[in-house]
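**Student:** mmCIF, C-alpha atoms, saved as my_file_29.cif, coming up:
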```
data_work
#
loop_
_atom_site.label_atom_id
_atom_site.label_comp_id
_atom_site.auth_asym_id
_atom_site.auth_seq_id
_atom_site.Cartn_x
_atom_site.Cartn_y
_atom_site.Cartn_z
CA MET V 201 -36.16 -53.69 -68.74
CA LYS V 202 -34.81 -50.25 -69.66
CA LYS V 203 -38.30 -49.01 -70.46
CA ASP V 204 -39.62 -50.35 -67.16
CA TYR V 205 -37.07 -48.39 -65.13
CA LEU V 206 -37.75 -45.22 -67.05
CA ASN V 207 -41.50 -45.64 -66.80
CA TYR V 208 -41.31 -46.19 -63.04
CA LEU V 209 -39.16 -43.08 -62.67
CA LEU V 210 -41.52 -40.93 -64.70
CA LEU V 211 -44.53 -42.31 -62.82
CA ILE V 212 -43.00 -41.38 -59.48
CA LEU V 213 -42.21 -37.90 -60.79
CA ILE V 214 -45.71 -37.40 -62.16
CA LEU V 215 -47.32 -38.49 -58.88
CA TYR V 216 -45.05 -36.18 -56.93
CA LEU V 217 -45.82 -33.21 -59.19
CA ILE V 218 -49.55 -33.90 -58.87
CA MET V 219 -49.15 -33.79 -55.09
CA ARG V 220 -47.26 -30.50 -55.28
CA LEU V 221 -49.33 -28.82 -58.00
CA PRO V 222 -52.04 -27.31 -55.73
CA LEU V 223 -49.36 -25.74 -53.53
CA ILE V 224 -47.47 -24.34 -56.50
CA LEU V 225 -50.59 -22.84 -58.07
CA THR V 226 -51.84 -21.27 -54.85
CA SER V 227 -48.40 -19.84 -54.12
CA MET V 228 -48.31 -18.20 -57.54
CA LEU V 229 -51.86 -16.89 -57.51
CA GLY V 230 -52.20 -15.99 -53.82
CA ILE V 231 -54.96 -17.37 -51.65
CA ASN V 232 -57.72 -16.11 -49.38
CA ASP V 233 -59.70 -17.73 -46.59
CA MET V 234 -57.47 -20.77 -46.51
CA TYR V 235 -55.89 -22.83 -43.75
CA LEU V 236 -53.20 -25.12 -45.07
CA SER V 237 -50.32 -26.74 -43.23
CA THR V 238 -47.36 -27.64 -45.42
CA LYS V 239 -44.94 -28.80 -42.71
CA ALA V 240 -45.18 -32.42 -43.89
CA PHE V 241 -44.06 -31.50 -47.37
CA SER V 242 -40.62 -30.37 -46.28
CA TYR V 243 -39.91 -33.87 -44.90
CA SER V 244 -41.48 -35.71 -47.83
CA ASP V 245 -39.53 -33.56 -50.26
CA SER V 246 -36.22 -34.49 -48.68
CA LEU V 247 -37.03 -38.20 -48.59
CA PHE V 248 -38.30 -38.12 -52.15
CA LEU V 249 -35.19 -36.39 -53.49
CA ILE V 250 -32.87 -38.86 -51.75
CA ALA V 251 -34.85 -41.82 -53.09
CA LEU V 252 -35.01 -40.36 -56.59
CA LEU V 253 -31.28 -39.63 -56.76
CA TYR V 254 -30.44 -43.11 -55.51
CA TYR V 255 -32.88 -44.65 -57.99
CA ALA V 256 -31.42 -42.65 -60.89
CA TYR V 257 -27.90 -43.66 -59.86
CA ARG V 258 -28.81 -47.35 -59.79
CA VAL V 259 -30.52 -47.13 -63.16
CA SER V 260 -27.68 -45.29 -64.90
CA SER V 261 -25.01 -47.53 -63.40
CA LYS V 262 -26.63 -50.86 -64.33
CA ILE V 263 -28.12 -50.01 -67.68
CA ARG V 264 -26.48 -48.30 -70.61
CA LEU V 265 -29.18 -45.84 -71.51
CA ARG V 266 -29.18 -43.92 -74.70
CA ILE V 267 -28.20 -40.26 -74.34
CA LYS V 268 -31.74 -39.10 -75.03
CA LYS V 269 -33.26 -41.22 -72.24
CA ARG V 270 -30.50 -40.22 -69.84
CA GLN V 271 -31.34 -36.59 -70.54
CA TYR V 272 -34.93 -37.30 -69.61
CA ILE V 273 -33.83 -38.54 -66.20
CA PHE V 274 -31.63 -35.55 -65.46
CA ILE V 275 -34.32 -33.15 -66.67
CA SER V 276 -36.80 -34.91 -64.39
CA ILE V 277 -34.45 -34.56 -61.43
CA LEU V 278 -33.95 -30.87 -62.25
CA ILE V 279 -37.72 -30.34 -62.32
CA VAL V 280 -38.04 -31.95 -58.90
CA PHE V 281 -35.33 -29.68 -57.47
CA LEU V 282 -37.06 -26.63 -58.91
CA THR V 283 -40.41 -27.83 -57.57
CA ASN V 284 -38.83 -28.34 -54.18
CA GLY V 285 -38.14 -24.61 -54.15
CA PHE V 286 -41.86 -24.05 -53.62
CA ASP V 287 -41.58 -25.11 -50.01
CA THR V 288 -43.23 -23.75 -46.87
CA ASN V 289 -41.13 -20.58 -46.72
CA TYR V 290 -41.83 -19.73 -50.34
CA LEU V 291 -45.55 -20.34 -49.92
CA GLU V 292 -45.72 -18.16 -46.85
CA GLU V 293 -44.32 -15.27 -48.87
CA HIS V 294 -47.28 -15.57 -51.23
CA TYR V 295 -50.11 -16.39 -48.82
CA TYR V 296 -52.61 -13.74 -47.76
CA PHE V 297 -55.70 -14.18 -45.62
CA SER V 298 -58.99 -12.31 -45.38
CA ASP V 299 -58.98 -12.73 -41.58
CA PRO V 300 -56.03 -12.59 -39.14
CA ILE V 301 -57.35 -15.62 -37.24
CA LEU V 302 -56.93 -17.69 -40.41
CA ALA V 303 -53.40 -16.36 -40.67
CA CYS V 304 -52.85 -17.34 -37.03
CA ASN V 305 -53.97 -20.89 -37.82
CA TYR V 306 -51.45 -21.11 -40.63
CA SER V 307 -48.51 -19.61 -38.70
CA THR V 308 -45.85 -22.03 -37.48
CA LEU V 309 -45.78 -20.13 -34.17
CA CYS V 310 -49.44 -20.67 -33.41
CA GLU V 311 -48.71 -23.51 -30.98
CA ILE V 312 -46.82 -21.29 -28.52
CA ARG V 313 -49.12 -18.30 -28.70
CA SER V 314 -52.35 -17.54 -26.90
CA THR V 315 -55.50 -16.73 -28.84
CA MET V 316 -55.78 -13.15 -27.55
CA ILE V 317 -55.91 -10.61 -30.35
CA PHE V 318 -55.86 -6.84 -30.77
CA ILE V 319 -56.90 -5.37 -34.13
CA GLU V 320 -56.68 -1.75 -35.17
CA GLY V 321 -56.53 -0.55 -38.76
CA ASP V 322 -53.90 -2.52 -40.64
CA TYR V 323 -52.44 -4.20 -37.54
CA ALA V 324 -53.43 -7.49 -35.95
CA ILE V 325 -51.43 -8.22 -32.79
CA PHE V 326 -51.27 -11.50 -30.86
CA PRO V 327 -49.85 -11.02 -27.34
CA ASP V 328 -49.48 -13.66 -24.65
CA GLU V 329 -48.21 -13.92 -21.09
CA SER V 330 -44.57 -13.87 -22.16
CA ASN V 331 -42.50 -10.87 -23.23
CA TYR V 332 -43.14 -11.49 -26.92
CA ILE V 333 -45.88 -10.75 -29.43
CA GLU V 334 -46.62 -11.42 -33.06
CA TYR V 335 -48.22 -8.90 -35.35
CA TYR V 336 -49.57 -9.22 -38.87
CA PRO V 337 -49.86 -6.30 -41.28
CA HIS V 338 -52.82 -5.92 -43.60
CA LEU V 339 -51.61 -5.43 -47.16
CA LYS V 340 -53.52 -4.96 -50.41
CA LYS V 341 -54.09 -8.71 -50.84
CA GLY V 342 -54.96 -9.40 -47.20
CA TRP V 343 -53.43 -10.23 -43.82
CA LYS V 344 -49.86 -11.50 -43.99
CA ILE V 345 -47.91 -13.55 -41.44
CA ASP V 346 -44.18 -13.24 -40.87
CA ASN V 347 -43.59 -15.96 -38.25
CA THR V 348 -41.52 -13.64 -36.06
CA LEU V 349 -41.69 -13.05 -32.32
CA TYR V 350 -41.13 -9.44 -31.26
CA LYS V 351 -39.70 -8.71 -27.83
CA GLN V 352 -40.91 -5.86 -25.65
CA SER V 353 -38.96 -2.60 -25.79
CA PHE V 354 -40.25 -0.86 -22.66
CA TYR V 355 -42.11 -1.85 -19.51
CA ALA V 356 -43.64 -0.47 -16.33
CA LYS V 357 -44.79 -2.39 -13.28
CA HIS V 358 -47.22 -1.64 -10.46
CA ASP V 359 -49.02 -3.73 -7.86
CA LYS V 360 -52.26 -3.37 -9.80
CA PHE V 361 -51.01 -3.66 -13.41
CA GLU V 362 -48.10 -4.36 -15.72
CA LEU V 363 -47.34 -2.41 -18.90
CA LYS V 364 -45.40 -3.74 -21.89
CA ILE V 365 -44.56 -1.70 -24.98
CA TYR V 366 -43.58 -3.25 -28.32
CA LYS V 367 -42.33 -1.76 -31.57
CA VAL V 368 -44.66 -2.86 -34.38
CA GLY V 369 -43.85 -1.46 -37.80
CA SER V 370 -43.91 2.32 -37.54
CA LYS V 371 -46.03 2.29 -34.36
CA TYR V 372 -45.87 1.09 -30.77
CA PHE V 373 -48.24 -1.38 -29.15
CA VAL V 374 -49.01 -0.57 -25.50
CA TYR V 375 -50.13 -3.74 -23.74
CA LEU V 376 -51.77 -3.42 -20.32
CA LEU V 377 -52.12 -6.47 -18.04
CA MET V 378 -54.34 -5.90 -15.02
CA ASN V 379 -53.44 -7.75 -11.82
CA GLU V 380 -56.94 -7.16 -10.49
CA ILE V 381 -60.27 -6.20 -12.00
CA MET V 382 -60.85 -2.45 -11.75
CA PRO V 383 -62.18 0.38 -13.93
CA ILE V 384 -59.87 1.10 -16.82
CA ASP V 385 -60.49 4.80 -16.20
CA ASN V 386 -58.24 4.55 -13.13
CA ILE V 387 -55.28 4.24 -15.50
CA VAL V 388 -54.50 7.35 -17.52
CA ASP V 389 -51.76 8.11 -20.03
CA ASN V 390 -50.92 11.15 -22.14
CA SER V 391 -51.90 9.66 -25.51
CA ASP V 392 -55.06 10.65 -27.35
CA LYS V 393 -56.38 7.08 -27.57
CA ASP V 394 -58.36 4.92 -25.17
CA PHE V 395 -57.30 1.47 -24.06
CA VAL V 396 -59.32 -1.25 -25.83
CA ALA V 397 -60.08 -4.65 -24.31
CA LEU V 398 -58.40 -7.53 -26.13
CA LYS V 399 -60.53 -10.20 -27.73
CA GLY V 400 -60.46 -13.95 -27.40
CA GLY V 401 -59.38 -14.68 -30.94
CA TYR V 402 -61.48 -17.71 -31.82
CA TYR V 403 -64.65 -16.61 -30.03
CA SER V 404 -64.32 -12.80 -30.18
CA PHE V 405 -65.27 -12.20 -26.54
CA SER V 406 -63.80 -9.25 -24.62
CA ILE V 407 -61.13 -10.01 -22.01
CA SER V 408 -61.74 -7.92 -18.91
CA ASP V 409 -58.15 -7.66 -17.65
CA ARG V 410 -56.12 -7.29 -20.87
CA PHE V 411 -56.06 -4.02 -22.82
CA GLY V 412 -54.08 -2.50 -25.65
CA LYS V 413 -53.66 0.51 -27.88
CA LEU V 414 -51.44 1.64 -30.75
CA ILE V 415 -49.57 4.91 -30.44
CA ASP V 416 -47.34 6.72 -32.93
CA SER V 417 -44.48 7.50 -30.55
CA ILE V 418 -43.32 6.72 -27.03
CA GLU V 419 -41.28 9.88 -26.72
CA ASP V 420 -42.43 11.59 -23.51
CA TYR V 421 -45.03 8.85 -23.01
CA LYS V 422 -46.36 8.77 -19.44
CA ILE V 423 -48.86 6.64 -17.56
CA SER V 424 -50.37 6.94 -14.10
CA ILE V 425 -52.86 5.16 -11.84
CA ASN V 426 -55.11 7.17 -9.54
CA GLY V 427 -52.85 10.16 -10.09
CA GLU V 428 -49.61 8.26 -9.31
CA GLU V 429 -47.17 8.36 -12.24
CA ILE V 430 -45.44 5.04 -12.98
CA GLU V 431 -41.86 4.96 -14.24
CA ILE V 432 -41.41 3.45 -17.70
CA LYS V 433 -38.12 1.61 -18.22
CA LYS V 434 -36.32 0.46 -21.32
CA VAL V 435 -35.66 -3.26 -21.62
#
```
Transcribe the structure of this file into C-alpha coordinates.
**Tutor:**
Amino acid sequence: MKKDYLNYLLLILILYLIMRLPLILTSMLGINDMYLSTKAFSYSDSLFLIALLYYAYRVSSKIRLRIKKRQYIFISILIVFLTNGFDTNYLEEHYYFSDPILACNYSTLCEIRSTMIFIEGDYAIFPDESNYIEYYPHLKKGWKIDNTLYKQSFYAKHDKFELKIYKVGSKYFVYLLMNEIMPIDNIVDNSDKDFVALKGGYYSFSISDRFGKLIDSIEDYKISINGEEIEIKKV
(Lines of atoms letter the chains of each structure in order from A and count residues from 1; the text may use other names and numbers.)
(Lines give C-alpha, C1' and ligand atoms only; values in the text may rest on other atoms or scores of the structure.)
Protein backbone atom coordinates (compact mmCIF):
# COMPACT_ATOMS: atom_id res chain seq x y z
CA MET A 1 0.00 0.00 0.00
CA LYS A 2 2.81 2.41 0.91
CA LYS A 3 4.54 1.77 -2.41
CA ASP A 4 1.30 2.34 -4.30
CA TYR A 5 0.80 5.79 -2.78
CA LEU A 6 4.38 6.78 -3.48
CA ASN A 7 4.25 5.45 -7.01
CA TYR A 8 1.05 7.36 -7.75
CA LEU A 9 2.59 10.55 -6.37
CA LEU A 10 5.73 10.18 -8.44
CA LEU A 11 3.70 9.36 -11.55
CA ILE A 12 1.64 12.52 -11.16
CA LEU A 13 4.81 14.56 -10.68
CA ILE A 14 6.49 13.02 -13.72
CA LEU A 15 3.45 13.68 -15.93
CA TYR A 16 3.28 17.25 -14.72
CA LEU A 17 6.98 17.86 -15.37
CA ILE A 18 6.64 16.39 -18.86
CA MET A 19 3.82 18.86 -19.52
CA ARG A 20 5.92 21.76 -18.26
CA LEU A 21 9.25 20.73 -19.80
CA PRO A 22 8.77 22.37 -23.24
CA LEU A 23 7.89 25.67 -21.58
CA ILE A 24 10.86 25.51 -19.24
CA LEU A 25 13.31 24.72 -22.04
CA THR A 26 12.01 27.42 -24.36
CA SER A 27 12.08 29.98 -21.57
CA MET A 28 15.71 29.17 -20.85
CA LEU A 29 16.87 29.05 -24.45
CA GLY A 30 14.70 31.83 -25.93
CA ILE A 31 12.41 31.25 -28.88
CA ASN A 32 11.77 32.68 -32.32
CA ASP A 33 8.79 32.55 -34.66
CA MET A 34 6.56 31.04 -32.02
CA TYR A 35 3.00 31.66 -30.90
CA LEU A 36 2.26 30.01 -27.59
CA SER A 37 -0.45 30.81 -25.07
CA THR A 38 0.34 29.74 -21.52
CA LYS A 39 -2.67 31.25 -19.75
CA ALA A 40 -4.11 27.80 -19.01
CA PHE A 41 -0.99 26.74 -17.18
CA SER A 42 -1.40 29.30 -14.42
CA TYR A 43 -4.77 27.75 -13.49
CA SER A 44 -3.61 24.16 -13.86
CA ASP A 45 -0.56 24.90 -11.75
CA SER A 46 -2.66 26.18 -8.87
CA LEU A 47 -5.06 23.23 -9.00
CA PHE A 48 -2.21 20.77 -9.27
CA LEU A 49 -0.36 22.21 -6.27
CA ILE A 50 -3.49 22.14 -4.10
CA ALA A 51 -4.22 18.55 -5.08
CA LEU A 52 -0.61 17.48 -4.55
CA LEU A 53 -0.35 19.07 -1.11
CA TYR A 54 -3.63 17.50 -0.03
CA TYR A 55 -2.54 14.13 -1.39
CA ALA A 56 0.82 14.32 0.40
CA TYR A 57 -0.94 15.28 3.64
CA ARG A 58 -3.31 12.31 3.42
CA VAL A 59 -0.46 9.93 2.66
CA SER A 60 1.79 11.13 5.49
CA SER A 61 -1.04 11.19 8.02
CA LYS A 62 -2.36 7.68 7.33
CA ILE A 63 0.86 5.84 6.67
CA ARG A 64 4.03 5.86 8.70
CA LEU A 65 6.56 6.30 5.94
CA ARG A 66 10.21 5.81 6.46
CA ILE A 67 12.23 9.03 6.63
CA LYS A 68 13.82 8.39 3.26
CA LYS A 69 10.48 8.02 1.46
CA ARG A 70 9.07 11.05 3.24
CA GLN A 71 12.03 13.05 1.99
CA TYR A 72 11.19 11.97 -1.54
CA ILE A 73 7.71 13.44 -1.19
CA PHE A 74 8.90 16.77 0.17
CA ILE A 75 11.62 16.98 -2.49
CA SER A 76 8.99 16.28 -5.13
CA ILE A 77 6.76 19.04 -3.76
CA LEU A 78 9.73 21.43 -3.73
CA ILE A 79 10.47 20.62 -7.37
CA VAL A 80 6.88 21.37 -8.31
CA PHE A 81 7.02 24.75 -6.53
CA LEU A 82 10.24 25.60 -8.33
CA THR A 83 8.76 24.48 -11.64
CA ASN A 84 5.72 26.62 -10.97
CA GLY A 85 8.06 29.61 -10.99
CA PHE A 86 8.37 29.19 -14.75
CA ASP A 87 4.93 30.65 -15.27
CA THR A 88 3.59 33.03 -17.91
CA ASN A 89 5.34 36.10 -16.53
CA TYR A 90 8.70 34.35 -16.38
CA LEU A 91 8.32 33.00 -19.90
CA GLU A 92 7.43 36.40 -21.28
CA GLU A 93 10.70 37.76 -19.93
CA HIS A 94 12.56 35.21 -22.04
CA TYR A 95 10.47 35.17 -25.22
CA TYR A 96 11.62 36.99 -28.35
CA PHE A 97 10.01 36.99 -31.77
CA SER A 98 11.34 37.50 -35.28
CA ASP A 99 8.20 39.46 -36.22
CA PRO A 100 6.17 41.95 -34.10
CA ILE A 101 2.89 40.43 -35.32
CA LEU A 102 3.90 37.13 -33.70
CA ALA A 103 4.64 39.05 -30.52
CA CYS A 104 1.21 40.68 -30.81
CA ASN A 105 -0.40 37.24 -31.03
CA TYR A 106 1.35 36.17 -27.84
CA SER A 107 0.60 39.34 -25.85
CA THR A 108 -2.14 39.10 -23.23
CA LEU A 109 -3.41 42.51 -24.38
CA CYS A 110 -4.00 41.44 -27.96
CA GLU A 111 -7.75 41.02 -27.41
CA ILE A 112 -8.33 44.72 -26.68
CA ARG A 113 -6.05 46.11 -29.34
CA SER A 114 -6.62 46.75 -33.02
CA THR A 115 -4.34 45.21 -35.62
CA MET A 116 -2.96 48.54 -36.87
CA ILE A 117 0.81 48.70 -36.70
CA PHE A 118 3.58 51.25 -37.22
CA ILE A 119 7.16 50.01 -37.56
CA GLU A 120 10.28 52.12 -37.72
CA GLY A 121 13.75 50.91 -36.83
CA ASP A 122 13.66 49.14 -33.48
CA TYR A 123 10.09 50.21 -32.64
CA ALA A 124 6.84 48.42 -33.41
CA ILE A 125 3.80 50.39 -32.23
CA PHE A 126 0.19 49.18 -32.01
CA PRO A 127 -2.28 52.08 -31.70
CA ASP A 128 -6.05 51.85 -31.60
CA GLU A 129 -9.03 54.18 -31.31
CA SER A 130 -8.52 54.71 -27.58
CA ASN A 131 -5.95 56.92 -25.87
CA TYR A 132 -3.51 54.06 -25.37
CA ILE A 133 -0.89 52.26 -27.43
CA GLU A 134 1.49 49.36 -27.04
CA TYR A 135 5.00 49.35 -28.38
CA TYR A 136 7.57 46.59 -28.66
CA PRO A 137 11.31 47.21 -28.81
CA HIS A 138 13.58 45.19 -31.06
CA LEU A 139 16.48 43.81 -29.04
CA LYS A 140 19.41 41.61 -30.06
CA LYS A 141 17.35 38.41 -29.83
CA GLY A 142 14.23 39.80 -31.50
CA TRP A 143 11.01 41.69 -30.81
CA LYS A 144 9.98 41.75 -27.16
CA ILE A 145 6.54 42.37 -25.62
CA ASP A 146 5.98 44.09 -22.30
CA ASN A 147 2.17 43.83 -21.96
CA THR A 148 1.85 47.50 -21.01
CA LEU A 149 -0.58 50.12 -22.28
CA TYR A 150 0.92 53.59 -22.68
CA LYS A 151 -1.33 56.63 -22.38
CA GLN A 152 -1.02 59.67 -24.62
CA SER A 153 1.03 62.59 -23.31
CA PHE A 154 -0.09 65.36 -25.68
CA TYR A 155 -2.93 65.94 -28.12
CA ALA A 156 -4.30 68.38 -30.66
CA LYS A 157 -7.75 68.44 -32.23
CA HIS A 158 -9.17 69.92 -35.42
CA ASP A 159 -12.32 69.38 -37.45
CA LYS A 160 -10.33 67.48 -40.06
CA PHE A 161 -7.90 65.49 -37.85
CA GLU A 162 -6.88 64.49 -34.36
CA LEU A 163 -3.28 64.27 -33.13
CA LYS A 164 -2.07 62.09 -30.25
CA ILE A 165 1.51 62.01 -28.99
CA TYR A 166 2.93 59.17 -26.89
CA LYS A 167 6.24 58.71 -25.10
CA VAL A 168 7.86 55.50 -26.36
CA GLY A 169 11.28 54.74 -24.92
CA SER A 170 13.55 57.67 -25.73
CA LYS A 171 11.32 58.89 -28.58
CA TYR A 172 7.82 60.20 -29.17
CA PHE A 173 5.21 58.62 -31.41
CA VAL A 174 3.05 61.16 -33.26
CA TYR A 175 -0.24 59.52 -34.23
CA LEU A 176 -2.46 61.30 -36.76
CA LEU A 177 -6.13 60.30 -37.16
CA MET A 178 -7.84 61.85 -40.17
CA ASN A 179 -11.54 62.67 -39.85
CA GLU A 180 -11.84 62.82 -43.63
CA ILE A 181 -9.77 61.60 -46.54
CA MET A 182 -7.47 64.34 -47.82
CA PRO A 183 -3.86 64.72 -49.01
CA ILE A 184 -1.43 64.23 -46.17
CA ASP A 185 0.56 67.15 -47.59
CA ASN A 186 -2.13 69.49 -46.24
CA ILE A 187 -0.81 68.76 -42.74
CA VAL A 188 2.67 70.09 -42.02
CA ASP A 189 4.80 70.00 -38.89
CA ASN A 190 8.30 71.24 -38.07
CA SER A 191 9.96 67.83 -37.83
CA ASP A 192 12.28 66.48 -40.50
CA LYS A 193 10.24 63.30 -41.05
CA ASP A 194 7.22 62.52 -43.19
CA PHE A 195 4.04 60.96 -41.87
CA VAL A 196 3.79 57.27 -42.82
CA ALA A 197 0.51 55.44 -43.34
CA LEU A 198 -0.14 52.74 -40.74
CA LYS A 199 -0.48 49.15 -41.85
CA GLY A 200 -3.17 46.59 -41.20
CA GLY A 201 -1.07 44.27 -39.10
CA TYR A 202 -2.18 40.85 -40.31
CA TYR A 203 -2.52 41.76 -43.99
CA SER A 204 0.03 44.59 -44.32
CA PHE A 205 -2.24 46.91 -46.30
CA SER A 206 -1.91 50.70 -45.95
CA ILE A 207 -4.61 52.52 -43.98
CA SER A 208 -5.54 55.74 -45.77
CA ASP A 209 -6.65 57.79 -42.76
CA ARG A 210 -4.16 56.76 -40.04
CA PHE A 211 -0.58 58.04 -40.04
CA GLY A 212 2.37 58.08 -37.68
CA LYS A 213 5.97 59.10 -37.23
CA LEU A 214 8.67 58.90 -34.55
CA ILE A 215 10.39 62.08 -33.45
CA ASP A 216 13.24 62.61 -31.00
CA SER A 217 11.69 65.50 -29.06
CA ILE A 218 8.41 67.39 -28.78
CA GLU A 219 10.05 70.55 -27.49
CA ASP A 220 8.84 73.37 -29.74
CA TYR A 221 6.92 70.84 -31.85
CA LYS A 222 4.30 72.51 -34.05
CA ILE A 223 1.72 71.29 -36.54
CA SER A 224 -0.55 73.11 -38.96
CA ILE A 225 -3.19 72.38 -41.60
CA ASN A 226 -3.42 74.54 -44.71
CA GLY A 227 -1.27 77.13 -42.95
CA GLU A 228 -3.38 77.19 -39.76
CA GLU A 229 -1.33 76.26 -36.68
CA ILE A 230 -3.09 73.90 -34.25
CA GLU A 231 -2.52 74.19 -30.51
CA ILE A 232 -0.92 71.15 -28.88
CA LYS A 233 -2.03 70.50 -25.31
CA LYS A 234 -0.60 68.35 -22.56
CA VAL A 235 -2.85 65.62 -21.20
**Student:** Would you write out, as JSON lines, a table of all residues in segment 301-340 of chain V that have an atom no more than 12 Å from an atom of segment 358-379 of chain V, listing for each the closest atom pair and the distance in Å to one decimal, considering all atoms listed in the file and ordering rows by chain and rising residue number?
**Tutor:**
```
{"residue": "V:Met316", "atom": "CA", "partner": "V:Tyr375", "partner_atom": "CA", "distance": 11.6}
{"residue": "V:Ile317", "atom": "CA", "partner": "V:Tyr375", "partner_atom": "CA", "distance": 11.1}
{"residue": "V:Phe318", "atom": "CA", "partner": "V:Phe373", "partner_atom": "CA", "distance": 9.5}
{"residue": "V:Ile319", "atom": "CA", "partner": "V:Phe373", "partner_atom": "CA", "distance": 10.8}
{"residue": "V:Glu320", "atom": "CA", "partner": "V:Phe373", "partner_atom": "CA", "distance": 10.4}
{"residue": "V:Gly321", "atom": "CA", "partner": "V:Lys371", "partner_atom": "CA", "distance": 11.7}
{"residue": "V:Asp322", "atom": "CA", "partner": "V:Gly369", "partner_atom": "CA", "distance": 10.5}
{"residue": "V:Tyr323", "atom": "CA", "partner": "V:Val368", "partner_atom": "CA", "distance": 8.5}
{"residue": "V:Ala324", "atom": "CA", "partner": "V:Val368", "partner_atom": "CA", "distance": 10.0}
{"residue": "V:Ile325", "atom": "CA", "partner": "V:Phe373", "partner_atom": "CA", "distance": 8.4}
{"residue": "V:Phe326", "atom": "CA", "partner": "V:Tyr375", "partner_atom": "CA", "distance": 10.6}
{"residue": "V:Pro327", "atom": "CA", "partner": "V:Tyr375", "partner_atom": "CA", "distance": 8.1}
{"residue": "V:Asp328", "atom": "CA", "partner": "V:Tyr375", "partner_atom": "CA", "distance": 10.0}
{"residue": "V:Glu329", "atom": "CA", "partner": "V:Leu377", "partner_atom": "CA", "distance": 8.9}
{"residue": "V:Ser330", "atom": "CA", "partner": "V:Lys364", "partner_atom": "CA", "distance": 10.2}
{"residue": "V:Asn331", "atom": "CA", "partner": "V:Lys364", "partner_atom": "CA", "distance": 7.8}
{"residue": "V:Tyr332", "atom": "CA", "partner": "V:Tyr366", "partner_atom": "CA", "distance": 8.4}
{"residue": "V:Ile333", "atom": "CA", "partner": "V:Tyr366", "partner_atom": "CA", "distance": 7.9}
{"residue": "V:Glu334", "atom": "CA", "partner": "V:Val368", "partner_atom": "CA", "distance": 8.9}
{"residue": "V:Tyr335", "atom": "CA", "partner": "V:Val368", "partner_atom": "CA", "distance": 7.1}
{"residue": "V:Tyr336", "atom": "CA", "partner": "V:Val368", "partner_atom": "CA", "distance": 9.2}
{"residue": "V:Pro337", "atom": "CA", "partner": "V:Gly369", "partner_atom": "CA", "distance": 8.5}
{"residue": "V:His338", "atom": "CA", "partner": "V:Gly369", "partner_atom": "CA", "distance": 11.6}
```
**Student:** Quick one, how far is atom CA of Asn426 of chain V from atom CA of Ser406 of chain V?
**Tutor:**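 That distance, rounded to one decimal, is 23.9 Å.
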**Student:** To verify the selection step, state as a VMD selection string which residues the PyMOL selection byres ((chain V and resi 387) around 7) yields on this input.
**Tutor:** chain V and resid 384 to 386 388 to 389 424 to 426
**Student:** Smallest atom-to-atom distance to Ile430 of chain V: which of V:Ala356, V:Tyr295, V:Lys413, V:Leu302, using only C-alpha atoms?
**Tutor:**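 Checking each candidate against Ile430 of chain V, we get V:Ala356 as the closest.
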**Student:** Would you compute the distance between atom CA of Ile381 of chain V and atom CA of Arg410 of chain V? Give it in Å to one decimal.
**Tutor:** 9.9 Å
**Student:** Under the rule that all atoms listed in the file are counted, which of V:Tyr421, V:Met382, V:Phe395, V:Asn305 is the nearest residue to Phe354 of chain V?
**Tutor:** V:Tyr421
**Student:** In Å to one decimal, how far is atom CA of Glu380 of chain V from atom CA of Tyr350 of chain V?
**Tutor:**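 Atom CA of Tyr350 of chain V sits 26.2 Å away from atom CA of Glu380 of chain V.
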**Student:** For each of V:Tyr355, V:Thr315, V:Pro383, V:Lys433, take the minimum atom-to-atom distance to Gly401 of chain V, counting all atoms listed in the file, then give the residue where this is smallest.
**Tutor:**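 Selected residue with least distance to Gly401 of chain V: V:Thr315.
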**Student:** When distances are computed from only C-alpha atoms, which of V:Gly342, V:Lys357, V:Asn347, V:Ser417 shows the smallest separation from Glu429 of chain V?
**Tutor:**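 The closest residue to Glu429 of chain V is V:Lys357.
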**Student:** May I ask which of the residues V:Ser353, V:Leu398, V:Ser391, V:Ser408 is the closest one to Ile423 of chain V, counting only C-alpha atoms?
**Tutor:**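 That would be V:Ser391, the residue with the smallest distance to Ile423 of chain V.
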